[in-house]
Amino acid sequence: MEEAGAVVAAAGEVELNLSRLSVPPETLETELEARGEERRGAREALLRLLLPHNRLVSLPRALGSGFQHLQLLDVSGNALTALGPELLALSGLRTLLAKNNRLGGPGALPKGLAQSPLCRTLQVLNLSGNCFQELPASVLELRALQTLSLGGNQLQSIPAEIENLQSLECLYLGGNFIKEIPPELANLPSLNYLVLCDNKIQSVPPQLSQLHSLRSLSLHNNLLTYLPREILNLIQLEELSLRGNPLVVRFVRDLTYDPPTLLELAARTIKTRNISYTPYDLPGNLLRYLSLASNCPNPKCGGVYFDCCVRQIKFVDFCGKYRLPLMHYLCSPECSSPCSSASHSSTSQSESDSEDEASVAAHRMQKVLLG
């Protein structure tokens, strides 16, 4: 046991490795108590404690004393159904690895976690390979988190409160049952890596283009058929993984189009014909409606739309190899679109504009993984 539980000191950092001891939990508890007592009089504090693969069903009680300087705790690969109050005694903990356990039920995380010192110190939390069906509310209060991993759980959704984690740099939620990406995810200014692969996501909100620090976006093995045009605004993006999605392989021209209302027709007429007016000339609802106008992206059109528009999918080249389907919104089915027929002597201006956009952005996309 002495060999497996060796204390290693290197560059001032002390690590206690008690992994795979193949001893009863009671024996491990006794060993931890002895080690904790031993470290109380030591010059160097114990910073890293490794307890993976020990068939633990609860956290050792010894963690509640003698380990106050611990910065990393690894309890992965055990049979834990809950992380008990002993965790709250680790006031300096920065990294908690608890993957591949049985966490996920009521009381899986200790009460008072959000009010404990861990709210200010914990930077890395790995709960992958457990049984969580929703993101615990207390996790969303850990404001110092930089890396959060809950891959391989049973998550059904991402709560809007994810935006509370303003220090988050890496979010791993692959291998769940997530159907939608909340727009609030775009409010994480430091997010560099976003992994949402192996879920059931059908669309990407255009708000994700606000993630200006994003370098890697993994969306493979979902149900995506297109990407929003705004994804071209992700100026730091270096890797985009899309394989295993039912991405369309040709232009989609005729999608559902509901005729505009009389209110929208009136507003379109005023906008497209540049009719001058004062606040006293028009009904209040029309005045408010006019402020919601969106310009048709086709430069040959010059029209506007409000609630009623035609969705069209258009391909742009990345890296000269892959063509990504991006969503467009046109003002009407009659609008000259990028999907002009082959009989036209040249491609439409809007397609050329988009191709130019793509070539400008191509150097940003170093990897586009489709195959």
# chains A, B, ... in the order shown; residues from 1 in each chain; ligands from 1
>>> residues_around(residues="Leu214 in chain A", least_positions_apart="4", cutoff="10 Å", atoms="only C-alpha atoms", output="list in words")
Glu169, Cys170, Leu188, Pro189, Ser190, Leu191, Asn192, Tyr193, Leu194, Leu208, Ser209, Gln210, Leu234, Ile235, Gln236, Leu237, Glu238 and Glu239 of chain A
>>> select_by_dssp(residues="range 78-211 of chain A", states="strand (DSSP E or B)", output="JSON, numbers by chain")
{"A": [95, 96, 97, 124, 125, 126, 147, 148, 149, 170, 171, 172, 193, 194, 195]}
>>> write_last_selection(atoms="N, CA and C atoms", output="tab-separated table (two decimals), in the first residue's frame")
chain	number	residue	atom	x	y	z
A	95	THR	N	-9.85	22.34	-8.86
A	95	THR	CA	-10.22	21.35	-9.86
A	95	THR	C	-10.89	20.17	-9.18
A	96	LEU	N	-12.10	19.83	-9.64
A	96	LEU	CA	-12.83	18.67	-9.13
A	96	LEU	C	-13.17	17.76	-10.30
A	97	LEU	N	-12.63	16.55	-10.28
A	97	LEU	CA	-12.88	15.56	-11.31
A	97	LEU	C	-13.72	14.44	-10.70
A	124	VAL	N	-12.32	24.29	-12.48
A	124	VAL	CA	-12.54	23.16	-13.39
A	124	VAL	C	-13.45	22.15	-12.71
A	125	LEU	N	-14.56	21.83	-13.37
A	125	LEU	CA	-15.52	20.85	-12.84
A	125	LEU	C	-15.85	19.86	-13.95
A	126	ASN	N	-15.53	18.58	-13.69
A	126	ASN	CA	-15.81	17.53	-14.67
A	126	ASN	C	-16.77	16.52	-14.06
A	147	THR	N	-13.80	25.83	-16.85
A	147	THR	CA	-14.07	24.63	-17.64
A	147	THR	C	-15.18	23.83	-16.97
A	148	LEU	N	-16.22	23.53	-17.74
A	148	LEU	CA	-17.34	22.74	-17.23
A	148	LEU	C	-17.62	21.61	-18.21
A	149	SER	N	-17.58	20.37	-17.70
A	149	SER	CA	-17.81	19.20	-18.54
A	149	SER	C	-18.93	18.35	-17.95
A	170	CYS	N	-14.34	26.91	-21.50
A	170	CYS	CA	-14.59	25.64	-22.19
A	170	CYS	C	-15.86	25.01	-21.64
A	171	LEU	N	-16.80	24.69	-22.54
A	171	LEU	CA	-18.05	24.05	-22.15
A	171	LEU	C	-18.21	22.78	-22.96
A	172	TYR	N	-18.26	21.63	-22.27
A	172	TYR	CA	-18.37	20.34	-22.94
A	172	TYR	C	-19.68	19.69	-22.51
A	193	TYR	N	-14.00	27.22	-26.32
A	193	TYR	CA	-14.31	25.88	-26.83
A	193	TYR	C	-15.73	25.51	-26.43
A	194	LEU	N	-16.53	25.17	-27.43
A	194	LEU	CA	-17.92	24.78	-27.19
A	194	LEU	C	-18.16	23.43	-27.88
A	195	VAL	N	-18.45	22.41	-27.08
A	195	VAL	CA	-18.65	21.06	-27.60
A	195	VAL	C	-20.09	20.65	-27.33
>>> closest_residue(among="A:Leu49, A:Gly66, A:Asn153, A:Cys131", to="Ala79 in chain A", atoms="only C-alpha atoms")
A:Cys131
>>> select_by_dssp(residues="range 97-275 of chain A", states="helix (DSSP H, G or I)", output="ChimeraX atom specification")
/A:113-115,118-121,139-141,160-164,183-187,206-210,229-233,262-272
>>> write_last_selection(atoms="N, CA and C atoms", output="CSV table (one decimal), in the first residue's frame")
chain,number,residue,atom,x,y,z
A,113,LEU,N,-23.5,24.6,-1.7
A,113,LEU,CA,-22.4,24.7,-2.6
A,113,LEU,C,-22.2,26.1,-3.2
A,114,ALA,N,-23.3,26.7,-3.6
A,114,ALA,CA,-23.3,28.0,-4.2
A,114,ALA,C,-22.9,29.1,-3.3
A,115,GLN,N,-23.1,28.8,-2.0
A,115,GLN,CA,-22.7,29.8,-1.0
A,115,GLN,C,-21.3,29.5,-0.3
A,118,LEU,N,-16.1,27.5,-2.5
A,118,LEU,CA,-15.9,26.9,-3.8
A,118,LEU,C,-16.5,27.8,-4.9
A,119,CYS,N,-17.5,28.6,-4.6
A,119,CYS,CA,-18.1,29.5,-5.6
A,119,CYS,C,-17.1,30.4,-6.1
A,120,ARG,N,-16.0,30.7,-5.3
A,120,ARG,CA,-15.0,31.7,-5.7
A,120,ARG,C,-13.7,31.0,-6.2
A,121,THR,N,-13.5,29.7,-5.8
A,121,THR,CA,-12.2,29.1,-6.1
A,121,THR,C,-12.3,28.1,-7.2
A,139,VAL,N,-24.5,24.5,-9.7
A,139,VAL,CA,-23.3,24.6,-10.6
A,139,VAL,C,-23.3,25.9,-11.4
A,140,LEU,N,-24.5,26.4,-11.7
A,140,LEU,CA,-24.7,27.6,-12.4
A,140,LEU,C,-24.4,28.9,-11.6
A,141,GLU,N,-24.0,28.6,-10.3
A,141,GLU,CA,-23.6,29.7,-9.4
A,141,GLU,C,-22.1,29.7,-9.1
A,160,ALA,N,-31.1,28.8,-19.5
A,160,ALA,CA,-30.7,30.2,-19.9
A,160,ALA,C,-29.7,30.7,-18.8
A,161,GLU,N,-29.7,30.2,-17.6
A,161,GLU,CA,-28.8,30.7,-16.6
A,161,GLU,C,-27.4,30.3,-16.8
A,162,ILE,N,-27.1,29.6,-17.9
A,162,ILE,CA,-25.7,29.3,-18.2
A,162,ILE,C,-24.9,30.6,-18.4
A,163,GLU,N,-25.6,31.7,-18.7
A,163,GLU,CA,-24.9,33.0,-18.9
A,163,GLU,C,-24.4,33.5,-17.6
A,164,ASN,N,-24.7,32.9,-16.5
A,164,ASN,CA,-24.1,33.3,-15.2
A,164,ASN,C,-22.6,33.0,-15.1
A,183,PRO,N,-30.1,31.1,-26.8
A,183,PRO,CA,-29.4,32.3,-27.2
A,183,PRO,C,-28.5,32.9,-26.1
A,184,GLU,N,-28.9,32.6,-24.8
A,184,GLU,CA,-28.1,33.2,-23.7
A,184,GLU,C,-26.7,32.6,-23.7
A,185,LEU,N,-26.5,31.5,-24.4
A,185,LEU,CA,-25.1,31.0,-24.4
A,185,LEU,C,-24.1,32.0,-25.1
A,186,ALA,N,-24.7,32.9,-25.9
A,186,ALA,CA,-23.9,33.9,-26.6
A,186,ALA,C,-23.4,34.9,-25.6
A,187,ASN,N,-23.8,34.9,-24.4
A,187,ASN,CA,-23.4,36.0,-23.4
A,187,ASN,C,-22.2,35.6,-22.6
A,206,PRO,N,-28.6,32.4,-34.4
A,206,PRO,CA,-27.7,33.4,-34.9
A,206,PRO,C,-26.9,34.2,-33.9
A,207,GLN,N,-27.5,34.2,-32.7
A,207,GLN,CA,-26.8,34.9,-31.6
A,207,GLN,C,-25.4,34.4,-31.3
A,208,LEU,N,-25.2,33.1,-31.6
A,208,LEU,CA,-23.9,32.5,-31.4
A,208,LEU,C,-22.7,33.3,-32.0
A,209,SER,N,-23.1,34.1,-33.0
A,209,SER,CA,-22.1,34.9,-33.7
A,209,SER,C,-21.4,35.9,-32.8
A,210,GLN,N,-22.1,36.2,-31.6
A,210,GLN,CA,-21.5,37.1,-30.6
A,210,GLN,C,-20.4,36.5,-29.8
A,229,ARG,N,-26.3,32.4,-41.3
A,229,ARG,CA,-25.3,33.2,-42.1
A,229,ARG,C,-24.3,33.9,-41.1
A,230,GLU,N,-24.9,34.3,-39.9
A,230,GLU,CA,-24.1,35.0,-39.0
A,230,GLU,C,-22.8,34.3,-38.5
A,231,ILE,N,-22.7,33.0,-38.7
A,231,ILE,CA,-21.6,32.3,-38.2
A,231,ILE,C,-20.3,32.8,-38.9
A,232,LEU,N,-20.4,33.5,-40.0
A,232,LEU,CA,-19.2,34.1,-40.6
A,232,LEU,C,-18.6,35.2,-39.7
A,233,ASN,N,-19.3,35.6,-38.7
A,233,ASN,CA,-18.8,36.7,-37.9
A,233,ASN,C,-18.0,36.1,-36.7
A,262,LEU,N,-51.8,42.8,-44.0
A,262,LEU,CA,-52.0,44.2,-44.6
A,262,LEU,C,-51.1,45.2,-43.9
A,263,LEU,N,-50.9,45.0,-42.6
A,263,LEU,CA,-50.0,45.9,-41.8
A,263,LEU,C,-48.6,45.8,-42.4
A,264,GLU,N,-48.1,44.6,-42.7
A,264,GLU,CA,-46.7,44.5,-43.3
A,264,GLU,C,-46.7,45.1,-44.7
A,265,LEU,N,-47.7,44.9,-45.5
A,265,LEU,CA,-47.8,45.5,-46.9
A,265,LEU,C,-47.7,47.0,-46.8
A,266,ALA,N,-48.5,47.6,-45.8
A,266,ALA,CA,-48.4,49.0,-45.7
A,266,ALA,C,-47.0,49.5,-45.3
A,267,ALA,N,-46.4,48.8,-44.4
A,267,ALA,CA,-45.1,49.2,-43.9
A,267,ALA,C,-44.1,49.0,-45.0
A,268,ARG,N,-44.2,48.0,-45.8
A,268,ARG,CA,-43.2,47.7,-46.9
A,268,ARG,C,-43.4,48.8,-47.9
A,269,THR,N,-44.6,49.2,-48.2
A,269,THR,CA,-44.8,50.3,-49.2
A,269,THR,C,-44.1,51.6,-48.8
A,270,ILE,N,-44.3,51.9,-47.5
A,270,ILE,CA,-43.7,53.2,-47.0
A,270,ILE,C,-42.2,53.1,-47.1
A,271,LYS,N,-41.6,52.0,-46.7
A,271,LYS,CA,-40.2,51.9,-46.7
A,271,LYS,C,-39.6,51.8,-48.1
A,272,THR,N,-40.1,51.0,-49.0
A,272,THR,CA,-39.5,50.8,-50.3
A,272,THR,C,-39.7,52.0,-51.2
>>> atom_distance(atom1="CA of Pro106 in chain A", atom2="CA of Phe132 in chain A")
9.7 Å
>>> residues_around(residues="range 295-299 of chain A", least_positions_apart="4", cutoff="6 Å", atoms="only C-alpha atoms", output="ChimeraX atom specification")
/A:303-304,330-331,350
>>> residues_around(residues="Pro110 in chain A", least_positions_apart="2", cutoff="12 Å", atoms="only C-alpha atoms", output="CSV table (one decimal) with N, CA and C atoms, in the first residue's frame")
chain,number,residue,atom,x,y,z
A,58,SER,N,-19.2,7.0,-1.3
A,58,SER,CA,-19.4,8.3,-0.7
A,58,SER,C,-18.0,8.9,-0.5
A,59,LEU,N,-17.9,10.2,-0.4
A,59,LEU,CA,-16.6,10.8,-0.2
A,59,LEU,C,-16.1,10.4,1.2
A,81,THR,N,-22.9,8.3,-5.6
A,81,THR,CA,-24.2,8.8,-6.0
A,81,THR,C,-24.4,10.2,-5.5
A,82,ALA,N,-23.5,10.7,-4.6
A,82,ALA,CA,-23.6,12.1,-4.1
A,82,ALA,C,-22.2,12.5,-3.7
A,83,LEU,N,-22.0,13.8,-3.8
A,83,LEU,CA,-20.8,14.4,-3.3
A,83,LEU,C,-21.2,15.1,-2.0
A,84,GLY,N,-20.8,14.5,-0.9
A,84,GLY,CA,-21.3,15.0,0.4
A,84,GLY,C,-20.7,16.3,0.9
A,85,PRO,N,-21.1,16.7,2.1
A,85,PRO,CA,-20.7,18.0,2.7
A,85,PRO,C,-19.2,18.0,2.9
A,86,GLU,N,-18.5,16.9,2.9
A,86,GLU,CA,-17.0,16.9,3.0
A,86,GLU,C,-16.4,17.8,2.0
A,87,LEU,N,-17.0,17.9,0.8
A,87,LEU,CA,-16.5,18.7,-0.3
A,87,LEU,C,-16.4,20.2,0.1
A,88,LEU,N,-17.3,20.6,0.9
A,88,LEU,CA,-17.4,22.1,1.2
A,88,LEU,C,-16.2,22.5,2.1
A,89,ALA,N,-15.6,21.5,2.8
A,89,ALA,CA,-14.4,21.8,3.6
A,89,ALA,C,-13.2,22.1,2.8
A,103,LEU,N,-23.7,9.9,-10.2
A,103,LEU,CA,-24.3,11.2,-9.8
A,103,LEU,C,-25.4,11.6,-10.7
A,105,GLY,N,-29.0,12.2,-9.2
A,105,GLY,CA,-30.2,12.2,-8.5
A,105,GLY,C,-30.3,13.4,-7.5
A,106,PRO,N,-31.4,13.5,-6.8
A,106,PRO,CA,-31.6,14.6,-5.8
A,106,PRO,C,-30.4,14.5,-4.8
A,107,GLY,N,-29.9,15.6,-4.5
A,107,GLY,CA,-28.8,15.6,-3.5
A,107,GLY,C,-27.5,15.2,-4.0
A,108,ALA,N,-27.3,15.1,-5.3
A,108,ALA,CA,-26.0,14.7,-5.9
A,108,ALA,C,-24.9,15.7,-5.5
A,112,GLY,N,-25.6,24.1,-0.1
A,112,GLY,CA,-24.8,25.2,0.2
A,112,GLY,C,-23.6,25.4,-0.7
A,113,LEU,N,-23.5,24.6,-1.7
A,113,LEU,CA,-22.4,24.7,-2.6
A,113,LEU,C,-22.2,26.1,-3.2
A,114,ALA,N,-23.3,26.7,-3.6
A,114,ALA,CA,-23.3,28.0,-4.2
A,114,ALA,C,-22.9,29.1,-3.3
A,115,GLN,N,-23.1,28.8,-2.0
A,115,GLN,CA,-22.7,29.8,-1.0
A,115,GLN,C,-21.3,29.5,-0.3
A,116,SER,N,-20.7,28.4,-0.7
A,116,SER,CA,-19.4,28.0,-0.1
A,116,SER,C,-18.3,28.8,-0.7
A,118,LEU,N,-16.1,27.5,-2.5
A,118,LEU,CA,-15.9,26.9,-3.8
A,118,LEU,C,-16.5,27.8,-4.9
A,136,PRO,N,-27.4,21.1,-12.7
A,136,PRO,CA,-27.7,21.5,-11.3
A,136,PRO,C,-27.7,23.0,-11.2
A,137,ALA,N,-28.7,23.6,-10.5
A,137,ALA,CA,-28.7,25.0,-10.3
A,137,ALA,C,-27.5,25.5,-9.5
A,138,SER,N,-27.0,24.7,-8.6
A,138,SER,CA,-25.8,25.2,-7.8
A,138,SER,C,-24.6,25.3,-8.7
A,139,VAL,N,-24.5,24.5,-9.7
A,139,VAL,CA,-23.3,24.6,-10.6
A,139,VAL,C,-23.3,25.9,-11.4
>>> atom_distance(atom1="CA of Glu31 in chain A", atom2="CA of Leu47 in chain A")
17.0 Å
>>> residues_around(residues="Pro259 in chain A", least_positions_apart="4", cutoff="9 Å", atoms="only C-alpha atoms", output="NGL selection string")
:A and (308-309 or 332)
>>> write_last_selection(atoms="C-alpha atoms", output="PDB file, in the first residue's frame")
ATOM      1  CA  CYS A 308     -42.956  37.608 -43.390  1.00  0.00           C
ATOM      2  CA  CYS A 309     -39.918  36.406 -45.300  1.00  0.00           C
ATOM      3  CA  SER A 332     -40.488  37.406 -51.180  1.00  0.00           C
TER       4      SER A 332
END
>>> closest_residue(among="A:Leu282, A:Leu46, A:Leu51, A:Leu142", to="Leu28 in chain A", atoms="only C-alpha atoms")
A:Leu51
>>> residues_around(residues="Leu224 in chain A", least_positions_apart="4", cutoff="7 Å", atoms="only C-alpha atoms", output="ChimeraX atom specification")
/A:201-203,245-247
>>> write_last_selection(atoms="N, CA and C atoms", output="short mmCIF file (atom, residue, chain, number, x, y, z; two decimals), in the first residue's frame")
data_model
loop_
_atom_site.label_atom_id
_atom_site.label_comp_id
_atom_site.auth_asym_id
_atom_site.auth_seq_id
_atom_site.Cartn_x
_atom_site.Cartn_y
_atom_site.Cartn_z
N ILE A 201 -29.64 18.44 -31.68
CA ILE A 201 -29.80 19.85 -32.03
C ILE A 201 -30.17 19.99 -33.49
N GLN A 202 -31.20 20.80 -33.77
CA GLN A 202 -31.68 20.97 -35.15
C GLN A 202 -31.28 22.29 -35.77
N SER A 203 -30.93 23.27 -34.95
CA SER A 203 -30.55 24.58 -35.51
C SER A 203 -29.60 25.28 -34.56
N ASN A 245 -24.22 15.21 -39.65
CA ASN A 245 -25.45 15.99 -39.66
C ASN A 245 -26.12 15.85 -41.03
N PRO A 246 -27.45 15.93 -41.08
CA PRO A 246 -28.13 15.86 -42.38
C PRO A 246 -28.07 17.19 -43.12
N LEU A 247 -26.86 17.73 -43.25
CA LEU A 247 -26.70 18.99 -43.96
C LEU A 247 -27.17 18.83 -45.41
#
